[in-house]
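Visitor: One structure follows; several queries about it will come next.
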Amino acid sequence: MKPHFLYLTFFLIVLVIVSGCTQSPQDKPDQKLLAGGEECKENTECQSDVCDLYKQNMGKCAPEPCSPGEKTNHNDFYCDQNGQWEESKQAGDVCAESYECYEEKGYENPAFRKRESVSCTNKICTYEAIQNQCEKQNLTEILNKNEYDDQCTQNLVKQESEKRVCTPCGNGVCDQDETKCNCPEDCKKSVEESSVESQWEEGGIAVSGKYADADVVDLGESYRMYFSAEPEVQNFEGQVYSAVSTDGKKWTLEDGERRKFSTFPDVLKLPDGRWRMYFQNAGEIKSAISQDGLTWTEESGTRIKAEPFEGQAIENVAAPTTFLLEDGTHLMVYRITINKKYDYPDMLPNSNTQLFLWATSEDGLNFEKKGIAVDSRKEPLLGLADGPDLVDFDGETRLYFWSYKGVYHIVYEDGFSEEPVFDYTTSNNPLNKFPENPPGDPTLIKTDNTWFMYYGSHTKGIYYASLEAE
């Protein structure tokens with residue numbers, strides 16, 4: 001064999017080996033996955049695919065391998081016999097061990113009380129209601145009347161104590177152990193909580209599943225609801241889905257995903273017939289455009305950046321809501337999160353503070369920040385304002401939102417009113433400042449003569465309440 005042929009053969013072999021060992025740019029991961037114990041916000045950031053949240057949008061990557069039977073803070077994932085994380089199973093799912101079944105847990109909420117027992121019975125996740133001693137006597141368990149002050153304010157920590165009594169609360173008679181504070185339905189009340197402006201009627205579930213952050217738009221002859229997957233779902237990627245309805249009550253899921261990495265969707269119809277979606281991505285507010293409301297193209301740039309507020313850094317900006325004023329100005333309200341607990345004498349569920357800022361824009365792309373829309377750092381919001389929704393409520397521009405107790409609104413008229421009006425709660429005791437699962441992220445739409453308010457219930461889905469228009 002000739003020497004030059006040998007050299008050529010050797011060169012080709014070396015070239016094949018080198019090219020096989022070289023990773024092309026597109027094969028490289030976009031980012032380094034975080035190890036167990038590192039701070040995270042989403043499951044996709046972690047090597048284990050599990051971000052164990054200890055508060056909203058903040059958690060630590062779960063370790064891998066894990067210890068069999070171990071569960072995350074909110075019981076959304078469990079560790080299987082192979083030391084791998086798996087999504088917790090729901091009622092009716094096949095199981096091998098009870099720890100595989102999802103069990104609701106009031107993490108960092110002292111007011112939480114377990115209401116269901118969970119077990120793997122006959123290899124099926126089974127849930128049974130737990131009756132307390134009062135329920136076994138056909139009575140109602142309420143907090144002792146001495147646990148309230150003159151303003152019917154209760155200490156959240158005391159709800160864990162044994163200072164509870166069994167009474168026939170709900171029978172229409174104000175009995176010895178009942179007062180306007182612990183049994184308002186039987187005892188005449190003079191407290192301000194009775195001044196709920198509108199009597200919304202609870203309607204039931206609109207979209208079941210681990211969804212939240214809904215936004216509803218009018219299509220003319222029907223309605224479309226956009227909503228996000230909750231962070232607890234397996235393979236969470238900030239997905240946005242949609243459903244349609246003709247009556248506001250029955251909703252049909254549409255096929256596919258509208259977008260990814262686009263939490264808190266806020267959809268606005270533009271004067272030219274197109275649709276614009278504002279959303280949170282990487283702690284900032286961005287936008288996308290669509291001709292049909294189904295297929296979206298992200299627009300370049302950032303609408304609202306996470307910049308310091310009152311001289312201190314903020315965790316993120318999120319939850320935008322946008323409204324077109326009569327002169328064509330885009331009015332946007334959005335949430336900021338400050339990594340500082342609201343100073344309050346009683347224990348609060350949240351360890352940070354959330355409030356609303358507002359901004360305006362002529363083109364919907366370049367916004368000028370104006371200031372505070374809702375300052376939650378006072379009663380009755382106690383440092384929490386979230387899920388805003390701007391709506392034309394029969395000629396009045398209102399901003400609906402939720403806090404610990406339930407849903408409130410304020411009015412916009414060249415600026416925002418200061419005192420929030422309390423509208424709606426799912427708690428059977430509206431005096432309770434910290435119900436276990438208040439209605440969250442409200443969005444409103446009017447169909448004929450009926451108003452519908454859609455709100456999230458954590459891990460359960462999106463529910464609705466209705467109000468007949470005057």
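Within each chain, counting starts at residue 1; across the structure tokens, chains are named A, B, ... in the order shown, with ligands numbered 1 upward in that order.
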What's around A:Pro65 at 9 Å? Count only C-alpha atoms, leave out sequence neighbours fewer than 2 positions away in its own chain, and write the answer as a ChimeraX atom specification.

Guide: /A:48,62-63,67,79,82-85

Visitor: Those residues with N, CA and C atoms, as a PDB file, in the first residue's frame please?

Guide:
```pdb
ATOM      1  N   SER A  48     -33.350  16.871  39.810  1.00  0.00           N
ATOM      2  CA  SER A  48     -34.346  15.875  40.220  1.00  0.00           C
ATOM      3  C   SER A  48     -35.710  16.105  39.588  1.00  0.00           C
ATOM      4  N   ALA A  62     -35.236  19.286  45.277  1.00  0.00           N
ATOM      5  CA  ALA A  62     -35.272  18.070  46.082  1.00  0.00           C
ATOM      6  C   ALA A  62     -34.045  17.212  45.768  1.00  0.00           C
ATOM      7  N   PRO A  63     -33.489  16.529  46.769  1.00  0.00           N
ATOM      8  CA  PRO A  63     -32.291  15.719  46.538  1.00  0.00           C
ATOM      9  C   PRO A  63     -32.603  14.476  45.717  1.00  0.00           C
ATOM     10  N   SER A  67     -35.095   9.427  49.845  1.00  0.00           N
ATOM     11  CA  SER A  67     -35.390   8.316  50.753  1.00  0.00           C
ATOM     12  C   SER A  67     -36.817   7.832  50.512  1.00  0.00           C
ATOM     13  N   CYS A  79     -41.241  10.006  47.173  1.00  0.00           N
ATOM     14  CA  CYS A  79     -40.063   9.234  46.773  1.00  0.00           C
ATOM     15  C   CYS A  79     -40.425   7.754  46.722  1.00  0.00           C
ATOM     16  N   ASN A  82     -37.398   3.105  44.560  1.00  0.00           N
ATOM     17  CA  ASN A  82     -36.125   3.170  43.837  1.00  0.00           C
ATOM     18  C   ASN A  82     -35.369   4.467  44.111  1.00  0.00           C
ATOM     19  N   GLY A  83     -35.892   5.262  45.052  1.00  0.00           N
ATOM     20  CA  GLY A  83     -35.231   6.514  45.370  1.00  0.00           C
ATOM     21  C   GLY A  83     -35.434   7.590  44.330  1.00  0.00           C
ATOM     22  N   GLN A  84     -36.531   7.493  43.571  1.00  0.00           N
ATOM     23  CA  GLN A  84     -36.848   8.467  42.525  1.00  0.00           C
ATOM     24  C   GLN A  84     -38.129   9.217  42.885  1.00  0.00           C
ATOM     25  N   TRP A  85     -38.167  10.519  42.521  1.00  0.00           N
ATOM     26  CA  TRP A  85     -39.356  11.318  42.801  1.00  0.00           C
ATOM     27  C   TRP A  85     -40.462  11.017  41.793  1.00  0.00           C
TER      28      TRP A  85
END
```

Visitor: Fewer than 2 positions away in the same chain doesn't count, so skip those; otherwise give me all residues within 8 Å of A:Lys249, counting only C-alpha atoms, as number ranges by chain.

Guide: A: 206, 245, 247, 251, 464

Visitor: If you keep C-alpha atoms, can you produce a file of those selected residues as an mmCIF file, in the first residue's frame?

Guide:
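The resulting file, again36.cif, is shown below:
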```cif
data_model
loop_
_atom_site.group_PDB
_atom_site.id
_atom_site.type_symbol
_atom_site.label_atom_id
_atom_site.label_comp_id
_atom_site.auth_asym_id
_atom_site.auth_seq_id
_atom_site.Cartn_x
_atom_site.Cartn_y
_atom_site.Cartn_z
ATOM 1 C CA ALA A 206 -65.649 25.581 35.612
ATOM 2 C CA SER A 245 -67.967 28.389 26.616
ATOM 3 C CA ASP A 247 -72.944 30.328 28.647
ATOM 4 C CA TRP A 251 -66.388 24.999 29.521
ATOM 5 C CA TYR A 464 -67.033 30.419 39.448
#
```

Visitor: How many Å separate atom CA of A:Cys40 from atom CA of A:Thr302?

Guide: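 One can read the atom CA of A:Cys40 to atom CA of A:Thr302 distance as 22.3 Å.
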
Visitor: Using only C-alpha atoms, determine which residues lie at most 6 Å from A:Thr321, disregarding the query and same-chain residues fewer than 4 positions distant; provide the list as a VMD selection string.

Guide: chain A and resid 266 332 to 333 389

Visitor: As a PyMOL selection string, please: the residues near stretch 413-423 of chain A (cut-off 10 Å, only C-alpha atoms, same-chain neighbours under 2 positions excluded).

Guide: chain A and resi 192-200+358+370-376+379-381+396-403+405-411+425

Visitor: Between atom CA of A:Tyr404 and atom CA of A:Lys433, what distance in Å does the model show, to one decimal?

Guide: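 Atom-to-atom, atom CA of A:Tyr404 to atom CA of A:Lys433, that is 6.4 Å.
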